file coords.txt (compact mmCIF, C-alpha atoms)
# COMPACT_ATOMS: atom_id res chain seq x y z
CA MET A 159 81.46 -54.05 -15.78
CA ASN A 160 80.31 -56.54 -18.29
CA ARG A 161 77.33 -58.34 -16.90
CA GLU A 162 78.27 -61.47 -18.78
CA GLU A 163 81.27 -61.98 -16.62
CA SER A 164 79.02 -62.55 -13.64
CA VAL A 165 76.78 -65.07 -15.37
CA ILE A 166 77.35 -68.53 -14.02
CA PRO A 167 77.98 -71.19 -16.68
CA GLY A 168 74.83 -73.13 -15.90
CA THR A 169 72.71 -70.08 -16.47
CA ARG A 170 74.35 -69.45 -19.79
CA THR A 171 73.72 -73.01 -20.88
CA ARG A 172 70.07 -72.83 -19.91
CA PHE A 173 69.78 -69.48 -21.61
CA ASP A 174 71.32 -70.82 -24.80
CA ASP A 175 69.06 -73.85 -24.70
CA MET A 176 65.99 -71.68 -24.32
CA PHE A 177 67.07 -69.25 -27.00
CA CYS A 178 67.80 -72.16 -29.32
CA GLU A 179 64.30 -73.44 -28.69
CA LEU A 180 62.76 -70.06 -29.46
CA LEU A 181 65.00 -69.33 -32.40
CA PRO A 182 63.03 -70.90 -35.28
CA ARG A 183 59.87 -69.11 -34.28
CA LEU A 184 61.70 -65.82 -33.74
CA TYR A 185 63.49 -66.18 -37.04
CA ARG A 186 60.32 -66.80 -38.98
CA ARG A 187 58.64 -63.91 -37.27
CA ALA A 188 61.58 -61.59 -37.95
CA ALA A 189 61.68 -62.66 -41.58
CA THR A 190 57.95 -62.11 -41.88
CA ILE A 191 58.10 -58.64 -40.45
CA SER A 192 61.19 -57.48 -42.27
CA GLY A 193 60.63 -59.33 -45.51
CA ASP A 194 64.37 -59.98 -45.57
CA ARG A 195 65.89 -63.10 -44.09
CA HIS A 196 69.33 -61.62 -43.82
CA ALA A 197 67.97 -58.66 -41.93
CA ALA A 198 66.18 -61.19 -39.77
CA GLU A 199 69.46 -62.89 -38.93
CA ASP A 200 71.09 -59.58 -38.17
CA ALA A 201 68.23 -58.65 -35.88
CA LEU A 202 68.34 -62.04 -34.19
CA HIS A 203 72.01 -61.69 -33.54
CA ASP A 204 71.53 -58.31 -31.92
CA THR A 205 68.59 -59.70 -29.98
CA TYR A 206 70.72 -62.54 -28.70
CA VAL A 207 73.39 -60.12 -27.54
CA LYS A 208 70.83 -58.00 -25.73
CA LEU A 209 69.13 -60.97 -24.10
CA ALA A 210 72.42 -62.60 -23.16
CA ALA A 211 73.34 -59.55 -21.16
CA ARG A 212 70.51 -60.43 -18.76
CA PRO A 213 69.86 -64.16 -19.21
CA ASP A 214 67.80 -64.41 -16.04
CA ALA A 215 65.25 -61.99 -17.43
CA LEU A 216 64.44 -64.44 -20.20
CA LEU A 217 64.75 -67.56 -18.10
CA SER A 218 62.41 -66.29 -15.41
CA HIS A 219 59.88 -64.63 -17.67
CA PRO A 220 56.43 -66.24 -17.70
CA HIS A 221 56.25 -65.79 -21.47
CA PRO A 222 59.81 -66.23 -22.74
CA TYR A 223 58.84 -66.16 -26.39
CA ALA A 224 56.80 -63.01 -26.05
CA TYR A 225 59.58 -61.36 -24.07
CA ALA A 226 62.18 -62.32 -26.64
CA PHE A 227 59.90 -61.14 -29.41
CA THR A 228 59.50 -57.71 -27.87
CA VAL A 229 63.28 -57.41 -27.62
CA LEU A 230 63.52 -58.53 -31.23
CA LEU A 231 60.95 -55.98 -32.27
CA ASN A 232 62.79 -53.21 -30.45
CA THR A 233 65.99 -54.29 -32.12
CA MET A 234 64.36 -54.21 -35.51
CA ARG A 235 62.85 -50.82 -34.74
CA ASP A 236 66.31 -49.50 -33.88
CA GLY A 237 67.57 -50.97 -37.11
CA TRP A 238 64.85 -49.24 -39.06
CA ARG A 239 65.75 -45.97 -37.43
CA HIS A 240 69.32 -46.45 -38.54
CA SER A 241 68.20 -47.51 -41.95
CA ARG A 242 66.17 -44.39 -42.40
CA ARG A 243 69.20 -42.28 -41.60
CA GLN A 244 71.29 -44.25 -44.01
CA VAL A 245 68.93 -44.26 -46.96
CA LEU A 246 68.54 -47.95 -47.52
CA SER A 247 66.23 -47.59 -50.47
CA ALA A 248 68.86 -48.90 -52.83
CA ASP A 249 68.96 -52.10 -50.87
CA VAL A 250 65.22 -52.51 -50.94
CA ASP A 251 64.83 -51.78 -54.61
CA GLY A 252 67.93 -53.50 -55.82
CA GLY A 253 66.35 -56.85 -56.53
CA SER A 254 68.48 -58.56 -53.96
CA TRP A 255 65.63 -59.92 -51.94
CA ASP A 256 66.81 -62.80 -49.84
CA GLY A 257 70.18 -62.83 -51.48
CA GLY A 258 68.70 -64.04 -54.73
CA PHE A 259 66.55 -66.83 -53.41
CA ARG A 260 63.08 -67.28 -54.72
CA ILE A 261 60.62 -64.74 -53.46
CA LEU A 262 57.97 -66.26 -51.29
CA GLU A 263 54.68 -64.70 -52.04
CA GLY A 264 53.38 -65.34 -48.59
CA GLU A 265 56.20 -63.35 -47.07
CA LEU A 266 55.58 -60.53 -49.47
CA GLU A 267 51.92 -60.39 -48.70
CA THR A 268 52.54 -60.57 -45.01
CA SER A 269 55.13 -57.87 -45.29
CA ARG A 270 52.58 -55.73 -47.08
CA LEU A 271 50.20 -56.23 -44.22
CA MET A 272 52.80 -55.37 -41.63
CA ALA A 273 53.98 -52.38 -43.62
CA ALA A 274 50.56 -50.83 -43.21
CA LEU A 275 51.02 -50.71 -39.46
CA THR A 276 53.18 -48.80 -37.08
CA ARG A 277 55.73 -50.90 -35.24
CA ARG A 278 53.65 -50.84 -32.09
CA GLN A 279 50.50 -51.80 -33.97
CA ALA A 280 52.35 -54.64 -35.66
CA ALA A 281 53.64 -55.86 -32.34
CA ILE A 282 50.17 -55.78 -30.83
CA ILE A 283 48.57 -57.62 -33.73
CA LEU A 284 51.28 -60.26 -33.62
CA LEU A 285 51.20 -60.68 -29.88
CA VAL A 286 47.44 -60.58 -29.42
CA ASP A 287 45.90 -61.85 -32.62
CA VAL A 288 48.58 -64.24 -33.80
CA ASP A 289 50.26 -65.40 -30.61
CA GLY A 290 47.15 -65.31 -28.48
CA LEU A 291 48.29 -63.10 -25.63
CA THR A 292 45.72 -61.07 -23.77
CA LEU A 293 45.61 -57.31 -24.02
CA ASP A 294 46.93 -57.11 -20.48
CA GLN A 295 49.87 -59.37 -21.26
CA ALA A 296 50.72 -57.43 -24.40
CA ALA A 297 50.46 -54.17 -22.49
CA GLU A 298 52.85 -55.42 -19.85
CA LEU A 299 55.35 -56.61 -22.43
CA LEU A 300 55.23 -53.38 -24.37
CA GLY A 301 55.25 -51.24 -21.29
CA VAL A 302 52.05 -49.39 -22.11
CA HIS A 303 48.57 -49.18 -20.68
CA ARG A 304 45.96 -51.75 -21.61
CA GLY A 305 43.79 -49.04 -23.12
CA THR A 306 46.63 -47.99 -25.35
CA VAL A 307 46.95 -51.54 -26.59
CA ALA A 308 43.23 -51.81 -27.20
CA ARG A 309 43.09 -48.55 -29.15
CA ALA A 310 46.18 -49.39 -31.15
CA ARG A 311 44.77 -52.80 -31.99
CA GLY A 312 41.52 -51.24 -33.14
CA ARG A 313 43.35 -48.84 -35.42
CA ALA A 314 45.54 -51.64 -36.69
CA LEU A 315 42.58 -53.80 -37.56
CA ARG A 316 40.99 -50.93 -39.45
CA LYS A 317 44.16 -50.52 -41.47
CA LEU A 318 44.39 -54.23 -42.09
CA ARG A 319 40.79 -54.33 -43.21
CA ALA A 320 41.60 -51.66 -45.78
CA VAL A 321 44.63 -53.62 -46.96
CA LEU A 322 42.57 -56.78 -47.26
CA ASP A 323 39.89 -54.97 -49.20
CA ALA A 324 42.46 -53.46 -51.52
CA ALA A 325 44.16 -56.80 -51.95
CA GLU A 326 40.92 -58.42 -52.83
CA ALA A 327 40.19 -55.71 -55.35
CA ASP A 328 43.65 -56.00 -56.89
CA GLY A 329 43.51 -59.74 -57.04
CA TRP A 330 46.66 -60.52 -55.11
CA GLY A 331 46.55 -62.85 -52.19
CA GLY A 332 43.85 -65.02 -53.62
CA ALA A 333 43.66 -67.01 -50.47
CA TRP A 334 42.14 -64.15 -48.52
CA MET B 201 35.90 -53.00 -52.54
CA SER B 202 34.79 -55.82 -50.35
CA PRO B 203 31.21 -56.85 -50.92
CA ARG B 204 30.62 -56.98 -47.17
CA ARG B 205 32.38 -55.35 -44.27
CA ARG B 206 34.56 -57.63 -42.26
CA THR B 207 34.31 -57.53 -38.51
CA ASP B 208 37.43 -56.96 -36.44
CA GLU B 209 37.51 -60.61 -35.51
CA GLN B 210 37.22 -61.67 -39.12
CA VAL B 211 40.08 -59.37 -40.05
CA ALA B 212 42.14 -60.74 -37.18
CA ALA B 213 41.40 -64.30 -38.21
CA GLN B 214 42.39 -63.66 -41.80
CA VAL B 215 45.59 -61.91 -40.82
CA ARG B 216 46.42 -64.68 -38.38
CA ALA B 217 45.86 -67.35 -41.01
CA ARG B 218 48.01 -65.52 -43.52
CA ILE B 219 50.85 -64.85 -41.13
CA VAL B 220 50.90 -68.38 -39.76
CA ALA B 221 50.85 -69.81 -43.27
CA ALA B 222 53.64 -67.51 -44.39
CA GLU B 223 55.77 -68.26 -41.37
CA ASN B 224 55.32 -71.98 -41.77
CA ARG B 225 56.70 -71.73 -45.27
CA ILE B 226 59.88 -70.04 -44.16
CA PRO B 227 62.64 -72.61 -43.77
CA VAL B 228 64.97 -72.13 -40.87
CA PRO B 229 68.57 -72.09 -42.11
CA PRO B 230 70.79 -74.86 -40.85
CA GLU B 231 73.18 -73.80 -38.14
CA LEU B 232 71.19 -70.66 -37.52
CA MET B 233 71.89 -70.86 -33.80
CA GLN B 234 75.61 -71.06 -34.39
CA ARG B 235 75.52 -68.14 -36.76
CA VAL B 236 73.39 -66.00 -34.51
CA THR B 237 75.38 -66.72 -31.39
CA ALA B 238 78.84 -67.27 -32.78
CA SER B 239 79.88 -63.72 -32.23
CA SER B 240 78.54 -63.17 -28.78
CA PRO B 241 81.04 -61.93 -26.25
CA ARG B 242 82.08 -65.33 -25.03
CA PRO B 243 84.88 -65.81 -22.60
CA GLU B 244 87.31 -66.84 -25.32
CA PHE B 245 86.69 -63.54 -27.02
CA GLU B 246 87.43 -61.60 -23.86
CA ARG B 247 91.10 -62.28 -23.75
CA PRO B 248 92.37 -58.90 -24.98
CA ARG B 249 91.54 -56.68 -22.02
CA ARG B 250 88.97 -57.63 -19.48
CA ARG B 251 88.71 -54.15 -18.09
CA TRP B 252 87.57 -52.99 -21.52
CA SER B 253 85.04 -55.76 -21.82
CA THR B 254 82.02 -53.50 -22.04
CA MET B 255 83.39 -52.08 -25.22
CA MET B 256 84.19 -55.37 -26.78
CA VAL B 257 83.37 -55.63 -30.39
CA ALA B 258 83.55 -58.33 -32.95
CA VAL B 259 82.85 -57.92 -36.59
CA ALA B 260 82.54 -60.73 -39.03
CA ALA B 261 83.88 -59.85 -42.39
CA VAL B 262 83.75 -61.62 -45.69
CA LEU B 263 85.40 -61.21 -49.02
CA GLY B 264 84.43 -64.28 -50.92
CA LEU B 265 85.32 -66.45 -47.96
CA LEU B 266 83.86 -66.33 -44.54
CA CYS B 267 86.07 -64.36 -42.32
CA GLY B 268 85.52 -62.59 -39.12
CA VAL B 269 86.86 -59.75 -37.19
CA THR B 270 86.95 -60.58 -33.53
CA GLY B 271 86.55 -57.58 -31.36
CA ALA B 272 89.28 -56.36 -29.14
CA VAL B 273 88.69 -52.87 -28.03
CA VAL B 274 91.91 -51.06 -27.34
CA TYR B 275 90.71 -47.57 -26.99
CA PHE B 276 88.10 -45.14 -27.98
CA HIS B 277 88.02 -41.46 -27.96
CA ARG B 278 85.73 -38.61 -28.72
CA ASP B 279 85.74 -37.45 -32.28
CA ALA B 280 85.17 -33.80 -32.82
CA ARG B 281 83.44 -34.14 -36.16
CA ALA B 282 80.36 -32.02 -35.81
CA THR B 283 78.17 -34.12 -38.08
CA MET B 284 78.47 -37.25 -36.00
CA PRO B 285 77.04 -37.74 -32.56
CA ALA B 286 79.36 -39.21 -29.96
CA SER B 287 81.74 -40.82 -32.42
CA THR B 288 84.00 -43.63 -31.32
CA ASP B 289 86.85 -45.29 -33.11
CA VAL B 290 87.12 -48.91 -32.18
CA THR B 291 90.25 -50.92 -32.76
CA VAL B 292 89.62 -54.50 -33.73
CA THR B 293 91.79 -57.47 -34.51
CA VAL B 294 91.16 -59.21 -37.79
CA PHE B 295 90.13 -62.78 -37.33
CA ASN B 296 90.07 -65.12 -40.29
CA ALA B 297 87.59 -67.93 -39.79
CA GLU B 298 89.48 -69.98 -42.34
CA VAL B 299 91.78 -71.74 -39.92
CA PRO B 300 94.35 -72.82 -42.53
CA CYS B 301 94.70 -69.18 -43.49
CA GLU B 302 95.36 -67.86 -40.03
CA PRO B 303 99.14 -68.24 -40.03
CA LEU B 304 99.55 -67.36 -43.70
CA ARG B 305 100.08 -63.89 -45.05
CA THR B 306 99.40 -64.74 -48.63
CA ILE B 307 97.17 -62.83 -51.01
CA GLU B 308 94.72 -65.72 -51.00
CA CYS B 309 94.38 -65.47 -47.26
CA SER B 310 94.06 -61.73 -47.14
CA LEU B 311 91.04 -59.51 -46.84
CA GLY B 312 90.98 -56.72 -49.36
CA VAL B 313 90.21 -53.28 -48.01
CA GLN B 314 88.01 -51.62 -50.59
CA SER B 315 87.86 -47.96 -51.47
CA ASP B 316 84.17 -48.00 -52.31
CA PRO B 317 81.66 -50.04 -50.32
CA HIS B 318 78.94 -49.44 -52.87
CA GLN B 319 80.84 -50.74 -55.88
CA PRO B 320 83.66 -52.94 -54.65
CA ALA B 321 85.95 -54.42 -57.23
CA PRO B 322 89.34 -56.15 -57.28
CA GLU B 323 90.96 -53.04 -58.72
CA LYS B 324 89.56 -50.97 -55.87
CA VAL B 325 91.47 -52.79 -53.18
CA VAL B 326 93.54 -50.16 -51.41
CA ALA B 327 95.08 -52.36 -48.75
CA ARG B 328 95.11 -55.89 -47.49
CA VAL B 329 94.77 -57.21 -43.99
CA TRP B 330 95.39 -60.61 -42.51
CA HIS B 331 94.44 -62.60 -39.49
CA GLY B 332 95.83 -60.93 -36.41
CA ASP B 333 96.13 -57.48 -37.92
CA THR B 334 94.55 -54.64 -36.03
CA VAL B 335 92.46 -52.05 -37.77
CA THR B 336 90.48 -49.14 -36.47
CA ALA B 337 86.78 -49.27 -37.22
CA ILE B 338 85.80 -45.66 -37.83
CA CYS B 339 82.18 -46.03 -38.80
CA VAL B 340 79.75 -48.33 -40.56
CA VAL B 341 77.94 -48.05 -43.88
CA ALA B 342 74.69 -50.00 -43.92
CA ASP B 343 73.75 -49.68 -47.57
CA GLY B 344 76.88 -50.93 -49.24
CA LYS B 345 77.11 -53.63 -51.86
CA ARG B 346 75.60 -56.87 -50.63
CA VAL B 347 78.31 -59.43 -50.07
CA LEU B 348 77.67 -63.14 -49.82
CA ASP B 349 79.71 -65.51 -47.79
CA GLU B 350 80.24 -69.14 -48.62
CA SER B 351 77.23 -70.24 -46.63
CA GLY B 352 74.90 -67.90 -48.47
CA VAL B 353 74.63 -65.37 -45.71
CA SER B 354 74.97 -61.81 -46.82
CA SER B 355 75.07 -58.32 -45.50
CA THR B 356 75.20 -54.85 -46.90
CA ARG B 357 77.19 -53.49 -43.97
CA TRP B 358 80.67 -52.27 -44.59
CA TYR B 359 83.04 -50.95 -41.98
CA ARG B 360 85.18 -47.95 -42.72
CA VAL B 361 88.52 -48.88 -41.23
CA ARG B 362 91.98 -47.47 -40.89
CA THR B 363 94.77 -49.98 -41.23
CA ALA B 364 97.97 -49.94 -39.23
CA ASN B 365 99.60 -48.21 -42.17
CA GLY B 366 97.07 -45.44 -42.07
CA VAL B 367 95.19 -46.53 -45.19
CA ILE B 368 91.48 -45.90 -44.95
CA GLY B 369 89.02 -48.16 -46.72
CA TYR B 370 86.11 -50.49 -46.20
CA LEU B 371 85.80 -54.07 -45.04
CA PRO B 372 82.57 -55.99 -45.56
CA GLY B 373 80.72 -57.24 -42.55
CA VAL B 374 78.21 -60.01 -42.07
CA ARG B 375 75.93 -59.40 -39.16
CA THR B 376 77.57 -57.05 -36.81
CA ARG B 377 79.19 -58.77 -33.92
CA ASN B 378 79.52 -55.66 -31.90
CA SER B 379 78.17 -55.17 -28.46
CA VAL B 380 79.33 -51.60 -28.83
CA GLU B 381 77.66 -49.51 -31.45
CA ILE B 382 79.93 -48.19 -34.13
CA GLN B 383 78.86 -44.85 -35.45
CA VAL B 384 77.17 -44.58 -38.79
CA CYS B 385 79.20 -43.09 -41.60
CA PRO B 386 77.84 -39.87 -43.07
CA THR B 387 75.55 -40.56 -45.98
CA ARG B 388 77.26 -39.97 -49.28
CA ARG B 389 75.55 -37.45 -51.50

call {"tool": "encode", "arguments": {"input": "coords.txt", "output": "structure tokens"}}
result
Amino acid sequence: MNREESVIPGTRTRFDDMFCELLPRLYRRAATISGDRHAAEDALHDTYVKLAARPDALLSHPHPYAYAFTVLLNTMRDGWRHSRRQVLSADVDGGSWDGGFRILEGELETSRLMAALTRRQAAIILLVDVDGLTLDQAAELLGVHRGTVARARGRALRKLRAVLDAAEADGWGGAW
Amino acid sequence: MSPRRRTDEQVAAQVRARIVAAENRIPVPPELMQRVTASSPRPEFERPRRRWSTMMVAVAAVLGLLCGVTGAVVYFHRDARATMPASTDVTVTVFNAEVPCEPLRTIECSLGVQSDPHQPAPEKVVARVWHGDTVTAICVVADGKRVLDESGVSSTRWYRVRTANGVIGYLPGVRTRNSVEIQVCPTRR
């Protein structure tokens, strides 16, 4: 049975209100990670569908944004898996970034940073170092042990340090 | 290389500053919520067959104008093609978001079914479909030609479809609306 059929209207309204509130932040985060705003919208749509199937899970979560973000990240990860199977390189290299809008250097640089990390490492850095969650909270959200989060974060920071050093040497990202 | 080694906390602080700055520069598109949620399986989209609701699918399609394909799963069956895992054909009803076009079966109000999702062109239209037509979505191509709709939203997804007349071609999609996964078309080589 479709779970949505059992969702009472009030719940759906509250869910939509909460998702609407989270949406700008999720969108920016998705665009930052993917480097593609259209891909971000696609991912957000899929995230909405997934979350809407169990609205109470979001509504009752102590960290709704973090919960929604982990779903978003999983959605994007699934998309990347598909993309790898479908050889999306033409899309990436085709000069169609953002549908022709001006490239934002900040997004590019951030995408370069994120590209250096595994998806899990990226999630941990974003949750812990950007969003301010504790290692325990991130571990719970990602469904892994705290030690795993701590080790992954350590490796991620080493990679990021190397990227920052290289960026500094190459002269891009002058604001570092 | 860096003249001095950054500590983990310094690296984290720099990354945080960069990400926050980048994210703050990203404008949120107007009507993002409507676009993201417009295709969700809402009650009004469930009219075709409630007992098939878990397989409901909706696909938004564009061809110059914003159009959509509202999902209405009629059936699915196992496909024996060995190269595809658990294939499903999903029958959908074409939905044209341009309300004035819905009752019209004119060329202007049609969606062209293309023969090549990678290089679509007017001369490559192999069939036309209109609002209310049913087509069978066979699979999806994710790396097709990027198609823009009138609001600037684009997608590279194209759906390989079979029309009621048996013609097979591709319809462009903007952000899949499917709650059921449509299988990926074999990569062309």

call {"tool": "atom_distance", "arguments": {"input": "coords.txt", "atom1": "atom CA of Lys208 of chain A", "atom2": "atom CA of Gln383 of chain B"}}
result
18.2 Å

call {"tool": "atom_distance", "arguments": {"input": "coords.txt", "atom1": "atom CA of Glu223 of chain B", "atom2": "atom CA of Leu181 of chain A"}}
result
12.9 Å

call {"tool": "atom_distance", "arguments": {"input": "coords.txt", "atom1": "atom CA of Thr293 of chain B", "atom2": "atom CA of His331 of chain B"}}
result
7.6 Å

call {"tool": "closest_residue", "arguments": {"input": "coords.txt", "among": "A:Glu179, A:Ile282, A:Ser218, A:Leu231", "to": "Leu202 of chain A", "atoms": "all atoms listed in the file"}}
result
A:Leu231

call {"tool": "residues_around", "arguments": {"input": "coords.txt", "residues": "Asp208 of chain B", "least_positions_apart": "2", "cutoff": "10 Å", "atoms": "all atoms listed in the file", "output": "JSON, numbers by chain"}}
result
{"A": [311, 312, 314, 315, 316, 318, 319], "B": [205, 206, 210, 211, 212, 213, 214]}

call {"tool": "closest_residue", "arguments": {"input": "coords.txt", "among": "B:Val290, B:Val335, B:Cys301, B:Val347", "to": "chain A", "atoms": "all atoms listed in the file"}}
result
B:Val347

call {"tool": "closest_residue", "arguments": {"input": "coords.txt", "among": "A:Val302, A:Ile191, A:Ala215, A:Ala308", "to": "Val286 of chain A", "atoms": "only C-alpha atoms"}}
result
A:Ala308

call {"tool": "residues_around", "arguments": {"input": "coords.txt", "residues": "Val236 of chain B", "least_positions_apart": "2", "cutoff": "8 Å", "atoms": "all atoms listed in the file", "output": "PDB file with C-alpha atoms, in the frame of the given file"}}
result
ATOM      1  CA  GLU A 199      69.460 -62.890 -38.930  1.00  0.00           C
ATOM      2  CA  ASP A 200      71.090 -59.580 -38.170  1.00  0.00           C
ATOM      3  CA  LEU A 202      68.340 -62.040 -34.190  1.00  0.00           C
ATOM      4  CA  HIS A 203      72.010 -61.690 -33.540  1.00  0.00           C
ATOM      5  CA  TYR A 206      70.720 -62.540 -28.700  1.00  0.00           C
TER       6      TYR A 206
ATOM      7  CA  LEU B 232      71.190 -70.660 -37.520  1.00  0.00           C
ATOM      8  CA  MET B 233      71.890 -70.860 -33.800  1.00  0.00           C
ATOM      9  CA  GLN B 234      75.610 -71.060 -34.390  1.00  0.00           C
ATOM     10  CA  ALA B 238      78.840 -67.270 -32.780  1.00  0.00           C
ATOM     11  CA  SER B 239      79.880 -63.720 -32.230  1.00  0.00           C
TER      12      SER B 239
END

call {"tool": "build_atoms", "arguments": {"input": "coords.txt", "residues": "segment 193-208 of chain A", "atoms": "N, CA and C atoms", "output": "compact mmCIF listing (two decimals), in the coordinates of the input"}}
result
# COMPACT_ATOMS: atom_id res chain seq x y z
N GLY A 193 60.64 -58.96 -44.10
CA GLY A 193 60.63 -59.33 -45.51
C GLY A 193 62.03 -59.62 -46.03
N ASP A 194 62.97 -59.78 -45.16
CA ASP A 194 64.37 -59.98 -45.57
C ASP A 194 65.01 -60.93 -44.57
N ARG A 195 65.37 -62.10 -45.03
CA ARG A 195 65.89 -63.10 -44.09
C ARG A 195 67.27 -62.75 -43.55
N HIS A 196 68.02 -62.02 -44.34
CA HIS A 196 69.33 -61.62 -43.82
C HIS A 196 69.18 -60.56 -42.74
N ALA A 197 68.26 -59.65 -42.98
CA ALA A 197 67.97 -58.66 -41.93
C ALA A 197 67.44 -59.36 -40.69
N ALA A 198 66.70 -60.43 -40.91
CA ALA A 198 66.18 -61.19 -39.77
C ALA A 198 67.33 -61.79 -38.96
N GLU A 199 68.31 -62.32 -39.65
CA GLU A 199 69.46 -62.89 -38.93
C GLU A 199 70.23 -61.82 -38.19
N ASP A 200 70.40 -60.69 -38.85
CA ASP A 200 71.09 -59.58 -38.17
C ASP A 200 70.35 -59.19 -36.90
N ALA A 201 69.04 -59.06 -37.04
CA ALA A 201 68.23 -58.65 -35.88
C ALA A 201 68.29 -59.71 -34.79
N LEU A 202 68.29 -60.97 -35.18
CA LEU A 202 68.34 -62.04 -34.19
C LEU A 202 69.68 -62.04 -33.45
N HIS A 203 70.71 -61.76 -34.20
CA HIS A 203 72.01 -61.69 -33.54
C HIS A 203 72.02 -60.60 -32.47
N ASP A 204 71.56 -59.42 -32.88
CA ASP A 204 71.53 -58.31 -31.92
C ASP A 204 70.60 -58.63 -30.74
N THR A 205 69.51 -59.31 -31.05
CA THR A 205 68.59 -59.70 -29.98
C THR A 205 69.27 -60.65 -29.00
N TYR A 206 70.01 -61.58 -29.55
CA TYR A 206 70.72 -62.54 -28.70
C TYR A 206 71.70 -61.81 -27.78
N VAL A 207 72.42 -60.87 -28.35
CA VAL A 207 73.39 -60.12 -27.54
C VAL A 207 72.69 -59.37 -26.41
N LYS A 208 71.57 -58.75 -26.75
CA LYS A 208 70.83 -58.00 -25.73
C LYS A 208 70.30 -58.94 -24.64
